[in-house]
>>> print(open('query.cif').read())   # mmCIF, C-alpha atoms and all ligand atoms
data_upload
#
loop_
_atom_site.group_PDB
_atom_site.id
_atom_site.type_symbol
_atom_site.label_atom_id
_atom_site.label_comp_id
_atom_site.auth_asym_id
_atom_site.auth_seq_id
_atom_site.Cartn_x
_atom_site.Cartn_y
_atom_site.Cartn_z
ATOM 1 C CA MET A 1 -3.813 -38.001 39.972
ATOM 2 C CA LYS A 2 -6.415 -36.197 37.941
ATOM 3 C CA GLN A 3 -6.302 -32.934 39.835
ATOM 4 C CA PRO A 4 -3.296 -31.306 38.086
ATOM 5 C CA SER A 5 -4.548 -32.012 34.596
ATOM 6 C CA LEU A 6 -8.016 -30.671 35.436
ATOM 7 C CA ALA A 7 -6.484 -27.559 36.931
ATOM 8 C CA SER A 8 -4.259 -26.996 33.945
ATOM 9 C CA SER A 9 -7.031 -27.518 31.436
ATOM 10 C CA GLY A 10 -9.100 -24.942 33.320
ATOM 11 C CA LEU A 11 -6.205 -22.534 33.114
ATOM 12 C CA ASP A 12 -5.710 -23.208 29.438
ATOM 13 C CA ARG A 13 -9.350 -22.559 28.813
ATOM 14 C CA ARG A 14 -9.177 -19.229 30.639
ATOM 15 C CA ARG A 15 -6.137 -18.262 28.608
ATOM 16 C CA PHE A 16 -7.946 -19.271 25.481
ATOM 17 C CA LEU A 17 -10.941 -17.125 26.364
ATOM 18 C CA LEU A 18 -8.735 -14.183 27.306
ATOM 19 C CA ARG A 19 -6.892 -14.453 24.032
ATOM 20 C CA GLY A 20 -10.189 -14.464 22.215
ATOM 21 C CA ILE A 21 -11.244 -11.279 23.983
ATOM 22 C CA ALA A 22 -7.848 -9.644 23.491
ATOM 23 C CA ALA A 23 -7.967 -10.419 19.787
ATOM 24 C CA GLY A 24 -10.836 -7.985 19.542
ATOM 25 C CA ALA A 25 -14.386 -7.909 18.351
ATOM 26 C CA ALA A 26 -13.298 -7.048 14.814
ATOM 27 C CA LEU A 27 -12.212 -10.641 14.199
ATOM 28 C CA LEU A 28 -14.621 -13.060 12.657
ATOM 29 C CA PRO A 29 -16.543 -15.175 15.166
ATOM 30 C CA MET A 30 -14.941 -18.518 15.838
ATOM 31 C CA PRO A 31 -16.926 -21.646 15.133
ATOM 32 C CA ALA A 32 -18.700 -22.906 18.248
ATOM 33 C CA ARG A 33 -16.790 -26.180 18.206
ATOM 34 C CA ALA A 34 -13.473 -24.340 18.434
ATOM 35 C CA THR A 35 -14.216 -23.032 21.925
ATOM 36 C CA ALA A 36 -14.648 -26.596 23.204
ATOM 37 C CA LEU A 37 -11.166 -27.591 22.058
ATOM 38 C CA GLY A 38 -9.299 -25.335 24.458
ATOM 39 C CA SER A 39 -5.678 -24.617 23.658
ATOM 40 C CA ALA A 40 -4.773 -28.091 22.425
ATOM 41 C CA GLY A 41 -4.464 -26.846 18.890
ATOM 42 C CA ARG A 42 -2.731 -24.618 16.404
ATOM 43 C CA ARG A 43 -4.245 -21.259 15.720
ATOM 44 C CA LEU A 44 -3.374 -18.625 13.139
ATOM 45 C CA SER A 45 -4.589 -15.057 12.830
ATOM 46 C CA PHE A 46 -4.412 -12.992 9.673
ATOM 47 C CA VAL A 47 -5.285 -9.568 8.385
ATOM 48 C CA ASN A 48 -5.341 -9.244 4.619
ATOM 49 C CA LEU A 49 -3.958 -5.775 3.892
ATOM 50 C CA HIS A 50 -5.621 -5.634 0.481
ATOM 51 C CA THR A 51 -9.131 -6.516 1.572
ATOM 52 C CA ASP A 52 -9.001 -5.614 5.308
ATOM 53 C CA GLU A 53 -10.408 -9.067 6.071
ATOM 54 C CA THR A 54 -9.387 -10.576 9.389
ATOM 55 C CA LEU A 55 -9.482 -14.193 10.510
ATOM 56 C CA THR A 56 -8.524 -16.244 13.521
ATOM 57 C CA ALA A 57 -8.658 -19.941 12.700
ATOM 58 C CA LEU A 58 -7.992 -23.000 14.831
ATOM 59 C CA TYR A 59 -6.732 -24.929 11.840
ATOM 60 C CA TRP A 60 -5.360 -27.968 13.682
ATOM 61 C CA ALA A 61 -6.929 -29.581 16.734
ATOM 62 C CA ASN A 62 -7.308 -33.001 18.334
ATOM 63 C CA GLY A 63 -4.632 -34.437 16.108
ATOM 64 C CA SER A 64 -5.901 -33.296 12.745
ATOM 65 C CA TYR A 65 -6.300 -30.368 10.386
ATOM 66 C CA GLN A 66 -9.711 -28.745 10.560
ATOM 67 C CA PRO A 67 -11.228 -28.577 7.063
ATOM 68 C CA ASN A 68 -13.542 -25.627 7.737
ATOM 69 C CA ALA A 69 -10.794 -23.538 9.297
ATOM 70 C CA VAL A 70 -8.407 -24.410 6.464
ATOM 71 C CA LYS A 71 -11.119 -23.420 3.993
ATOM 72 C CA ASP A 72 -11.473 -20.030 5.709
ATOM 73 C CA ILE A 73 -7.711 -19.527 5.521
ATOM 74 C CA ASN A 74 -7.639 -20.512 1.836
ATOM 75 C CA TYR A 75 -10.305 -17.915 1.161
ATOM 76 C CA LEU A 76 -8.526 -15.124 3.041
ATOM 77 C CA LEU A 77 -5.277 -15.949 1.206
ATOM 78 C CA ARG A 78 -6.938 -16.046 -2.225
ATOM 79 C CA ASP A 79 -5.734 -14.053 -5.219
ATOM 80 C CA PHE A 80 -7.533 -10.834 -4.383
ATOM 81 C CA ARG A 81 -6.999 -9.520 -7.918
ATOM 82 C CA THR A 82 -8.910 -12.324 -9.613
ATOM 83 C CA GLY A 83 -10.852 -13.871 -6.731
ATOM 84 C CA ASP A 84 -9.287 -17.280 -7.400
ATOM 85 C CA VAL A 85 -9.101 -19.527 -4.340
ATOM 86 C CA HIS A 86 -6.436 -22.236 -4.129
ATOM 87 C CA ALA A 87 -5.553 -24.746 -1.431
ATOM 88 C CA ILE A 88 -2.739 -23.382 0.712
ATOM 89 C CA ASP A 89 -0.091 -25.986 1.533
ATOM 90 C CA LEU A 90 -0.704 -27.207 5.089
ATOM 91 C CA ARG A 91 3.046 -27.172 5.703
ATOM 92 C CA LEU A 92 2.957 -23.417 5.131
ATOM 93 C CA LEU A 93 0.345 -23.048 7.870
ATOM 94 C CA ASP A 94 2.551 -25.018 10.267
ATOM 95 C CA LEU A 95 5.558 -22.941 9.222
ATOM 96 C CA LEU A 96 3.629 -19.754 10.046
ATOM 97 C CA HIS A 97 2.510 -21.195 13.362
ATOM 98 C CA THR A 98 6.096 -22.013 14.289
ATOM 99 C CA LEU A 99 7.309 -18.660 12.996
ATOM 100 C CA GLN A 100 4.820 -16.787 15.156
ATOM 101 C CA HIS A 101 6.202 -18.484 18.253
ATOM 102 C CA ARG A 102 9.809 -18.059 17.162
ATOM 103 C CA ALA A 103 9.227 -14.330 16.634
ATOM 104 C CA ARG A 104 7.397 -14.153 19.997
ATOM 105 C CA SER A 105 4.652 -12.237 18.280
ATOM 106 C CA LYS A 106 1.065 -11.832 19.385
ATOM 107 C CA SER A 107 -0.034 -9.945 16.285
ATOM 108 C CA PRO A 108 -1.958 -11.406 13.401
ATOM 109 C CA PHE A 109 0.058 -11.980 10.244
ATOM 110 C CA GLN A 110 -0.365 -9.049 7.889
ATOM 111 C CA VAL A 111 -0.807 -10.607 4.469
ATOM 112 C CA ILE A 112 0.702 -8.768 1.523
ATOM 113 C CA SER A 113 0.406 -11.697 -0.869
ATOM 114 C CA GLY A 114 -0.767 -15.278 -0.494
ATOM 115 C CA TYR A 115 -1.985 -17.352 -3.411
ATOM 116 C CA ARG A 116 -1.400 -15.908 -6.874
ATOM 117 C CA SER A 117 -3.095 -17.204 -9.969
ATOM 118 C CA PRO A 118 -0.761 -17.814 -12.921
ATOM 119 C CA ALA A 119 -2.312 -14.789 -14.655
ATOM 120 C CA THR A 120 -1.605 -12.488 -11.721
ATOM 121 C CA ASN A 121 1.928 -13.807 -11.261
ATOM 122 C CA ALA A 122 2.691 -13.255 -14.941
ATOM 123 C CA LYS A 123 1.335 -9.721 -14.730
ATOM 124 C CA LEU A 124 3.429 -8.943 -11.635
ATOM 125 C CA ALA A 125 6.529 -10.609 -13.085
ATOM 126 C CA ALA A 126 6.330 -8.263 -16.069
ATOM 127 C CA LEU A 127 6.399 -5.281 -13.684
ATOM 128 C CA SER A 128 9.088 -6.395 -11.239
ATOM 129 C CA ASP A 129 12.302 -8.402 -11.368
ATOM 130 C CA GLY A 130 11.699 -9.920 -7.940
ATOM 131 C CA VAL A 131 8.424 -11.595 -8.734
ATOM 132 C CA ALA A 132 9.692 -14.541 -10.787
ATOM 133 C CA ARG A 133 11.264 -15.943 -7.639
ATOM 134 C CA HIS A 134 7.831 -15.948 -6.072
ATOM 135 C CA SER A 135 6.572 -18.797 -8.183
ATOM 136 C CA TYR A 136 5.675 -20.792 -5.101
ATOM 137 C CA HIS A 137 2.791 -18.353 -4.637
ATOM 138 C CA VAL A 138 1.209 -19.973 -7.689
ATOM 139 C CA LYS A 139 1.270 -23.341 -5.914
ATOM 140 C CA GLY A 140 -0.176 -22.047 -2.644
ATOM 141 C CA MET A 141 3.197 -22.705 -1.025
ATOM 142 C CA ALA A 142 4.310 -19.115 -0.298
ATOM 143 C CA ILE A 143 3.215 -16.013 1.537
ATOM 144 C CA ASP A 144 4.483 -12.439 1.936
ATOM 145 C CA ILE A 145 3.974 -11.219 5.483
ATOM 146 C CA ALA A 146 4.705 -8.665 8.173
ATOM 147 C CA LEU A 147 3.896 -8.469 11.885
ATOM 148 C CA ALA A 148 2.652 -5.282 13.559
ATOM 149 C CA ASP A 149 4.477 -6.014 16.831
ATOM 150 C CA ARG A 150 7.835 -6.969 15.292
ATOM 151 C CA ALA A 151 10.289 -5.000 13.177
ATOM 152 C CA LEU A 152 10.788 -6.519 9.750
ATOM 153 C CA PRO A 153 14.438 -7.527 10.417
ATOM 154 C CA GLU A 154 13.293 -9.414 13.529
ATOM 155 C CA LEU A 155 10.695 -11.310 11.541
ATOM 156 C CA HIS A 156 13.320 -11.975 8.887
ATOM 157 C CA GLN A 157 15.790 -13.378 11.427
ATOM 158 C CA ALA A 158 13.091 -15.557 12.976
ATOM 159 C CA ALA A 159 12.186 -16.925 9.535
ATOM 160 C CA LEU A 160 15.838 -17.635 8.701
ATOM 161 C CA SER A 161 16.328 -19.455 11.988
ATOM 162 C CA LEU A 162 13.652 -22.016 11.070
ATOM 163 C CA ARG A 163 15.608 -23.225 8.004
ATOM 164 C CA ALA A 164 12.309 -24.536 6.772
ATOM 165 C CA GLY A 165 12.110 -23.297 3.170
ATOM 166 C CA GLY A 166 12.661 -20.160 1.140
ATOM 167 C CA VAL A 167 13.051 -16.804 2.891
ATOM 168 C CA GLY A 168 13.199 -13.483 1.070
ATOM 169 C CA PHE A 169 13.691 -10.055 2.636
ATOM 170 C CA TYR A 170 11.897 -7.096 1.050
ATOM 171 C CA PRO A 171 12.512 -4.084 3.314
ATOM 172 C CA LYS A 172 11.298 -1.513 0.826
ATOM 173 C CA PRO A 173 7.801 -2.806 0.168
ATOM 174 C CA GLY A 174 7.972 -4.024 3.767
ATOM 175 C CA PHE A 175 7.498 -7.764 3.915
ATOM 176 C CA VAL A 176 9.219 -11.101 4.371
ATOM 177 C CA HIS A 177 8.531 -13.870 1.881
ATOM 178 C CA VAL A 178 8.414 -17.406 3.254
ATOM 179 C CA ASP A 179 7.660 -20.606 1.364
ATOM 180 C CA VAL A 180 7.821 -24.353 1.840
ATOM 181 C CA GLY A 181 10.037 -24.969 -1.179
ATOM 182 C CA PRO A 182 13.699 -25.942 -0.763
ATOM 183 C CA VAL A 183 15.728 -24.058 1.847
ATOM 184 C CA ARG A 184 17.208 -20.935 0.230
ATOM 185 C CA THR A 185 17.530 -17.243 1.011
ATOM 186 C CA TRP A 186 17.668 -13.928 -0.807
HETATM 187 ZN ZN ZN B 1 6.581 -13.827 -1.995
#
>>> encode(input="query.cif", output="structure tokens", more="lines below")
Ligand SMILES: [Zn+2]
Amino acid sequence: MKQPSLASSGLDRRRFLLRGIAAGAALLPMPARATALGSAGRRLSFVNLHTDETLTALYWANGSYQPNAVKDINYLLRDFRTGDVHAIDLRLLDLLHTLQHRARSKSPFQVISGYRSPATNAKLAALSDGVARHSYHVKGMAIDIALADRALPELHQAALSLRAGGVGFYPKPGFVHVDVGPVRTW
């Protein structure tokens, strides 16, 4: 019976298109090939609060990570202070993808901090006690995030429930730290 799968792929494609429209014209245009892949993939959306850059990237599709999309993500998550770009751990992208679903959020991830060069991390560590624990930022294995459609404690609880790595709660600056290091919380 081919009928059901055809019908469902048509539906998925409509959903995909609707999502694209709902995401708004402010987002960067998706690569042409992405539209042909329908919903059989993993997509992440970001807004970098320091640079105002936005990105929606289908970073995994047809059974593999998509190098161009991953490259776009790496660039958006660069050290905005120095301009240094570093590969972001692919497990962190999957963690974010899972976290988005767990939090039942439809908002892009607001990025407070992604990759940090050693120079930037040292500078920040000298200013704040909390920064030393963020060393996974230097390895491209950590990100500080918030979601516009979820309260911070909700995002925090969703992150804790994954038991997938480090989770830090920073209510005052207003973000949750997640990383793909060992499971630990603070
Ligand atoms: Zn952090």
>>> resolve_selection(input="query.cif", expression="the PyMOL selection byres (((not hetatm)) within 9 of (chain B and resi 1))", output="list in words")
Ile112, Ser113, Gly114, Gly130, Val131, Arg133, His134, Ser135, Tyr136, His137, Ala142, Ile143, Asp144, Ile145, Val167, Gly168, Phe175, Val176, His177, Val178 and Asp179 of chain A
>>> write_last_selection(input="query.cif", atoms="C-alpha atoms", output="CSV table (one decimal), in the frame of the given file")
chain,number,residue,atom,x,y,z
A,112,ILE,CA,0.7,-8.8,1.5
A,113,SER,CA,0.4,-11.7,-0.9
A,114,GLY,CA,-0.8,-15.3,-0.5
A,130,GLY,CA,11.7,-9.9,-7.9
A,131,VAL,CA,8.4,-11.6,-8.7
A,133,ARG,CA,11.3,-15.9,-7.6
A,134,HIS,CA,7.8,-15.9,-6.1
A,135,SER,CA,6.6,-18.8,-8.2
A,136,TYR,CA,5.7,-20.8,-5.1
A,137,HIS,CA,2.8,-18.4,-4.6
A,142,ALA,CA,4.3,-19.1,-0.3
A,143,ILE,CA,3.2,-16.0,1.5
A,144,ASP,CA,4.5,-12.4,1.9
A,145,ILE,CA,4.0,-11.2,5.5
A,167,VAL,CA,13.1,-16.8,2.9
A,168,GLY,CA,13.2,-13.5,1.1
A,175,PHE,CA,7.5,-7.8,3.9
A,176,VAL,CA,9.2,-11.1,4.4
A,177,HIS,CA,8.5,-13.9,1.9
A,178,VAL,CA,8.4,-17.4,3.3
A,179,ASP,CA,7.7,-20.6,1.4
>>> closest_residue(input="query.cif", among="A:Gly181, A:Arg42, A:Leu92, A:Phe169", to="A:Ala146", atoms="all atoms listed in the file")
A:Phe169
>>> resolve_selection(input="query.cif", expression="the PyMOL selection byres (((chain A and resi 68) around 12) and not hetatm)", output="ChimeraX atom specification")
/A:30-31,33-34,57-61,64-67,69-75
>>> resolve_selection(input="query.cif", expression="the PyMOL selection byres (((chain A and resi 86) around 7) and not hetatm)", output="ChimeraX atom specification")
/A:74,78,84-85,87-88,115,140
>>> closest_residue(input="query.cif", among="A:Arg184, A:Arg91, A:Ala132, A:Leu99", to="A:Glu154", atoms="only C-alpha atoms")
A:Leu99
>>> closest_residue(input="query.cif", among="A:Pro118, A:Pro153, A:Gly165, A:Gly83", to="A:Leu96", atoms="only C-alpha atoms")
A:Gly165
>>> closest_residue(input="query.cif", among="A:Ala40, A:Leu49, A:Leu55, A:Leu147", to="A:Ala103", atoms="all atoms listed in the file")
A:Leu147
>>> closest_residue(input="query.cif", among="A:Gly166, A:Asp94, A:Ala119, A:Gly174", to="A:Leu152", atoms="all atoms listed in the file")
A:Gly174
>>> atom_distance(input="query.cif", atom1="atom CA of A:His97", atom2="atom CA of A:Thr51")
22.1 Å
>>> closest_residue(input="query.cif", among="A:Phe109, A:Tyr170, A:Phe80, A:Phe46", to="A:His156", atoms="only C-alpha atoms")
A:Tyr170
>>> atom_distance(input="query.cif", atom1="atom CA of A:Ser105", atom2="atom CA of A:Leu160")
15.7 Å
>>> atom_distance(input="query.cif", atom1="atom CA of A:Val47", atom2="atom CA of A:Leu76")
8.4 Å
>>> residues_around(input="query.cif", residues="A:Lys106", least_positions_apart="3", cutoff="10 Å", atoms="all atoms listed in the file", output="number ranges by chain")
A: 19, 23, 45, 100-101, 103, 109, 147-150
>>> decode(input="query.cif", residues="stretch 84-144 of chain A", atoms="C-alpha atoms", output="mmCIF file, in the first residue's frame")
data_model
loop_
_atom_site.group_PDB
_atom_site.id
_atom_site.type_symbol
_atom_site.label_atom_id
_atom_site.label_comp_id
_atom_site.auth_asym_id
_atom_site.auth_seq_id
_atom_site.Cartn_x
_atom_site.Cartn_y
_atom_site.Cartn_z
ATOM 1 C CA ASP A 84 36.958 32.837 16.102
ATOM 2 C CA VAL A 85 34.926 29.983 14.629
ATOM 3 C CA HIS A 86 35.197 26.490 16.118
ATOM 4 C CA ALA A 87 33.459 23.223 15.300
ATOM 5 C CA ILE A 88 30.480 22.751 17.595
ATOM 6 C CA ASP A 89 30.158 19.198 18.913
ATOM 7 C CA LEU A 90 27.458 17.432 16.888
ATOM 8 C CA ARG A 91 26.174 15.821 20.082
ATOM 9 C CA LEU A 92 25.373 19.313 21.346
ATOM 10 C CA LEU A 93 23.230 19.950 18.270
ATOM 11 C CA ASP A 94 21.324 16.716 18.902
ATOM 12 C CA LEU A 95 20.969 17.633 22.574
ATOM 13 C CA LEU A 96 19.441 20.984 21.579
ATOM 14 C CA HIS A 97 17.135 19.287 19.103
ATOM 15 C CA THR A 98 15.901 16.908 21.788
ATOM 16 C CA LEU A 99 15.656 19.721 24.320
ATOM 17 C CA GLN A 100 13.482 21.786 22.000
ATOM 18 C CA HIS A 101 10.994 18.934 21.762
ATOM 19 C CA ARG A 102 11.157 18.170 25.473
ATOM 20 C CA ALA A 103 10.418 21.823 26.273
ATOM 21 C CA ARG A 104 7.625 21.818 23.647
ATOM 22 C CA SER A 105 9.030 25.039 22.304
ATOM 23 C CA LYS A 106 8.554 26.521 18.865
ATOM 24 C CA SER A 107 10.922 29.430 19.418
ATOM 25 C CA PRO A 108 14.447 29.659 18.121
ATOM 26 C CA PHE A 109 17.157 29.187 20.726
ATOM 27 C CA GLN A 110 18.344 32.553 21.982
ATOM 28 C CA VAL A 111 22.112 32.253 22.153
ATOM 29 C CA ILE A 112 23.864 34.050 24.989
ATOM 30 C CA SER A 113 27.155 32.215 24.547
ATOM 31 C CA GLY A 114 28.313 29.426 22.262
ATOM 32 C CA TYR A 115 31.953 28.846 21.419
ATOM 33 C CA ARG A 116 34.493 30.796 23.459
ATOM 34 C CA SER A 117 38.108 31.135 22.485
ATOM 35 C CA PRO A 118 40.583 30.451 25.301
ATOM 36 C CA ALA A 119 41.382 34.183 25.382
ATOM 37 C CA THR A 120 37.743 35.160 25.831
ATOM 38 C CA ASN A 121 37.125 32.484 28.456
ATOM 39 C CA ALA A 122 40.149 33.634 30.446
ATOM 40 C CA LYS A 123 38.950 37.226 30.261
ATOM 41 C CA LEU A 124 35.444 36.273 31.435
ATOM 42 C CA ALA A 125 36.779 33.962 34.149
ATOM 43 C CA ALA A 126 38.707 36.890 35.618
ATOM 44 C CA LEU A 127 35.447 38.862 35.875
ATOM 45 C CA SER A 128 33.100 36.179 37.194
ATOM 46 C CA ASP A 129 33.327 33.178 39.498
ATOM 47 C CA GLY A 130 30.849 31.179 37.429
ATOM 48 C CA VAL A 131 32.793 31.205 34.207
ATOM 49 C CA ALA A 132 35.484 28.649 35.062
ATOM 50 C CA ARG A 133 32.808 25.967 35.071
ATOM 51 C CA HIS A 134 32.026 26.907 31.500
ATOM 52 C CA SER A 135 35.214 25.450 30.131
ATOM 53 C CA TYR A 136 33.278 23.237 27.755
ATOM 54 C CA HIS A 137 32.528 26.401 25.778
ATOM 55 C CA VAL A 138 36.197 26.400 24.792
ATOM 56 C CA LYS A 139 35.766 22.945 23.252
ATOM 57 C CA GLY A 140 32.586 23.797 21.347
ATOM 58 C CA MET A 141 30.702 21.461 23.678
ATOM 59 C CA ALA A 142 28.544 23.993 25.572
ATOM 60 C CA ILE A 143 25.965 26.675 24.988
ATOM 61 C CA ASP A 144 24.082 29.217 27.118
#
